[in-house]
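Notes follow the structure.
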Amino acid sequence: MDTDYKVSQFTLIVPGSDNDLIAKNTFTGTVVRLASLHQKLLKSLPDLSSEEYSLWERDKDVFIQAGIVCEADKDENKEFLRWMNERRSPGVFVTFLVTTLGCNLACSYCYERDVLNTQRMDEEFYPFVVDWYERKMRTSRFKRAAVSLYGGEPLADQRGLHYFMPALHNIGETLGVPVEFDMISNGVLLTKEIVEFLTRFRFQSIQITLDGPPQVHNNLRFTIGGQPTFWKIVENTELLFPHSCQITLRVNLSQNNVCRLEELLLSLKKRGWHERVTPSFGIVQDNLAGVRKDVQGTCSGCIHDDSEAARVNLEATKTAKKLGYSVPEQVGIGPCMTSVGDAFVVGPDGSLYKCMEVVGRKEFVVGSVMSGTPSREQLQYENPEYLEECLDEKCAFLPICAGGCRAEAFRATGSFFERHCRYSFLEETNKQLIQIQYRRD
Amino acid sequence: METLKTQKESEAVLEDVPRPEILKGTTKSEDDLLSNQCIVTCPRFYPPPPPCPSKK
């Protein structure tokens, strides 16, 4: 018996527990628990046996509502591209503000290692940057602005911090565009006074990093003078606990520290971190700066293989979940700010970039707060031809990958405009993450 | 008579099949696009938020 429906090209179906299965649509984000007969039925669509048809008639509304199935003639690529187009003007003015490429740490795997310097944004330059923000916010219809304070180490330039946060906040208040701040910091320079300052504004979130228990972390993330940082970061981060901002604990994993993750998370759980902090796992891989080879135990632990990256990520997620931490249910690679029109990284000299991984690298400058913002048409990122292969393949991971990370594409191909496919990593990781999150134990 | 029996049998089979259950609703609304930092910045640095606990 014929139906007018097919399984969405973005639907993943993974085994659950007992006889059930879990279906997730990577485009809508919807997750549905199914019976094994439902899977059989979905495989048979659009032509069903009479028994399958009875089940279809009973349950089709849920499948349709969840987007697990769609009309047989629906062009889902077209719908995806329409969404990508909406993303180009999402109503948010997205910027990463980098007032310094200076940093107090000398982490072994830093991707900015070769561009870090002590230069800070010149104070005389501050008003030009503020003018640029004001012009952008005045001439576009943003519903909000999101400013990520980034570096180098953003707290290494407190002069800039104390100027820009109130200045940008006030512009937003005047124009009726709420300006929200977040920060990616190593946490070492955070103090009670700075926490009080940050939380006077719409300070939404902070990400700090601990790469293992003290001995492991201090071997990877130490000050320029070689001093340990673990306990300083722990104590400083806890200053934020009484406040409402989200706190993300970044753990950069290599083959050398993943086995010590449980020890780290357990010790932090004893301090209540599992109720206040969300872990986020990064994988130490090659980067534009290259990994330091003079730090023992780092370069050898660098993960080059996607299968190993997936294994490490999943092992870490399971450990965190077991200890009662919130864990993400998917790992995405894209789409990112490169394909959002009004999204820029503002460097200390006012240069504009489209990716945070390339800040400070002259060859990737796309404009300047002084000489002008590139138009949407000027940004090749907005018409990504590299998506065509992914669309032809009707890849199920397209909505959470969008052709891959642009910086990774550059490292692999020498071009920001080539596809960078990591299908096996996405499949292996995301299918198991669905199970970790939704399987009944 | 045969047909009726078959129909009753398949109804019995249907009763044994649990109904599909939506564990998490859509995240593709305009509000999500506006509020989800990972969608508009960099999903490698801003992981997606964990699922709503009430929907687990």
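Letters A, B, ... go to the chains of the structure tokens in the order shown; residues in each chain start at 1; ligands are counted from 1 in the same order.
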With only C-alpha atoms as the counted atoms, please give the residues lying no more than 8 Å from A:Glu262, apart from itself and same-chain residues fewer than 4 positions off, as a PyMOL selection string.
chain A and resi 266+319-320
So that I have them on file, write out the residues from the current selection with N, CA and C atoms, as an mmCIF file, in the first residue's frame.
data_model
loop_
_atom_site.group_PDB
_atom_site.id
_atom_site.type_symbol
_atom_site.label_atom_id
_atom_site.label_comp_id
_atom_site.auth_asym_id
_atom_site.auth_seq_id
_atom_site.Cartn_x
_atom_site.Cartn_y
_atom_site.Cartn_z
ATOM 1 N N LEU A 266 36.024 13.639 38.995
ATOM 2 C CA LEU A 266 35.636 13.166 40.323
ATOM 3 C C LEU A 266 36.071 14.172 41.392
ATOM 4 N N THR A 319 32.299 9.029 30.697
ATOM 5 C CA THR A 319 32.846 9.267 32.042
ATOM 6 C C THR A 319 32.112 10.427 32.711
ATOM 7 N N ALA A 320 31.942 11.508 31.966
ATOM 8 C CA ALA A 320 31.278 12.690 32.532
ATOM 9 C C ALA A 320 29.828 12.384 32.898
#
Using backbone DSSP assignments, extract all strand (DSSP E or B) residues from stretch 90-330 of chain A; output them as a PyMOL selection string.
chain A and resi 92-98+100+105+120+144-150+179-184+202-209+223+246-253+277-283
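Any residue of chain B with an atom no more than 6 Å from chain A counts as a contact; using only C-alpha atoms, that gives Pro20, Glu21, Ile22, Leu23, Lys24, Gly25, Thr26, Thr27, Lys28, Val40, Thr41, Cys42, Pro43, Arg44 and Pro50 of chain B.
In this comparison, which uses only C-alpha atoms, the residue of A:Asp114, A:Asp182, A:Glu153, A:Asp349 approaching A:Ser368 most closely is A:Asp349.
Running DSSP on the backbone gives alpha helix (DSSP H) for these residues within stretch 94-147 of chain A: Tyr126, Pro127, Phe128, Val129, Val130, Asp131, Trp132, Tyr133, Glu134, Arg135, Lys136, Met137, Arg138 and Thr139 of chain A.
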Considering only C-alpha atoms, return as a PyMOL selection string whatever protein or nucleic-acid residues lie within 8 Å of A:Leu101, sequence-local ones (same chain, fewer than 4 positions apart) excluded.
chain A and resi 115-120+151-153+348+360
I need the residue nearest A:Ile13 from this list: A:Arg406, A:Arg422, A:Arg200, A:Lys431. Use only C-alpha atoms for the distance.
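Closest to A:Ile13 of all the choices is A:Lys431.
Across the model, the gap from atom CA of A:Glu238 to atom CA of A:Asp157 is 21.7 Å.
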Identify which of the residues A:Leu239, A:Ile303, A:Val234, A:Met1 lies closest to A:Leu48, counting only C-alpha atoms when measuring atom-to-atom distances.
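Of all the options, A:Met1 lies closest to A:Leu48.
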Correct to one decimal, the distance atom CA of A:Pro46-atom CA of A:Thr3 is 5.1 Å
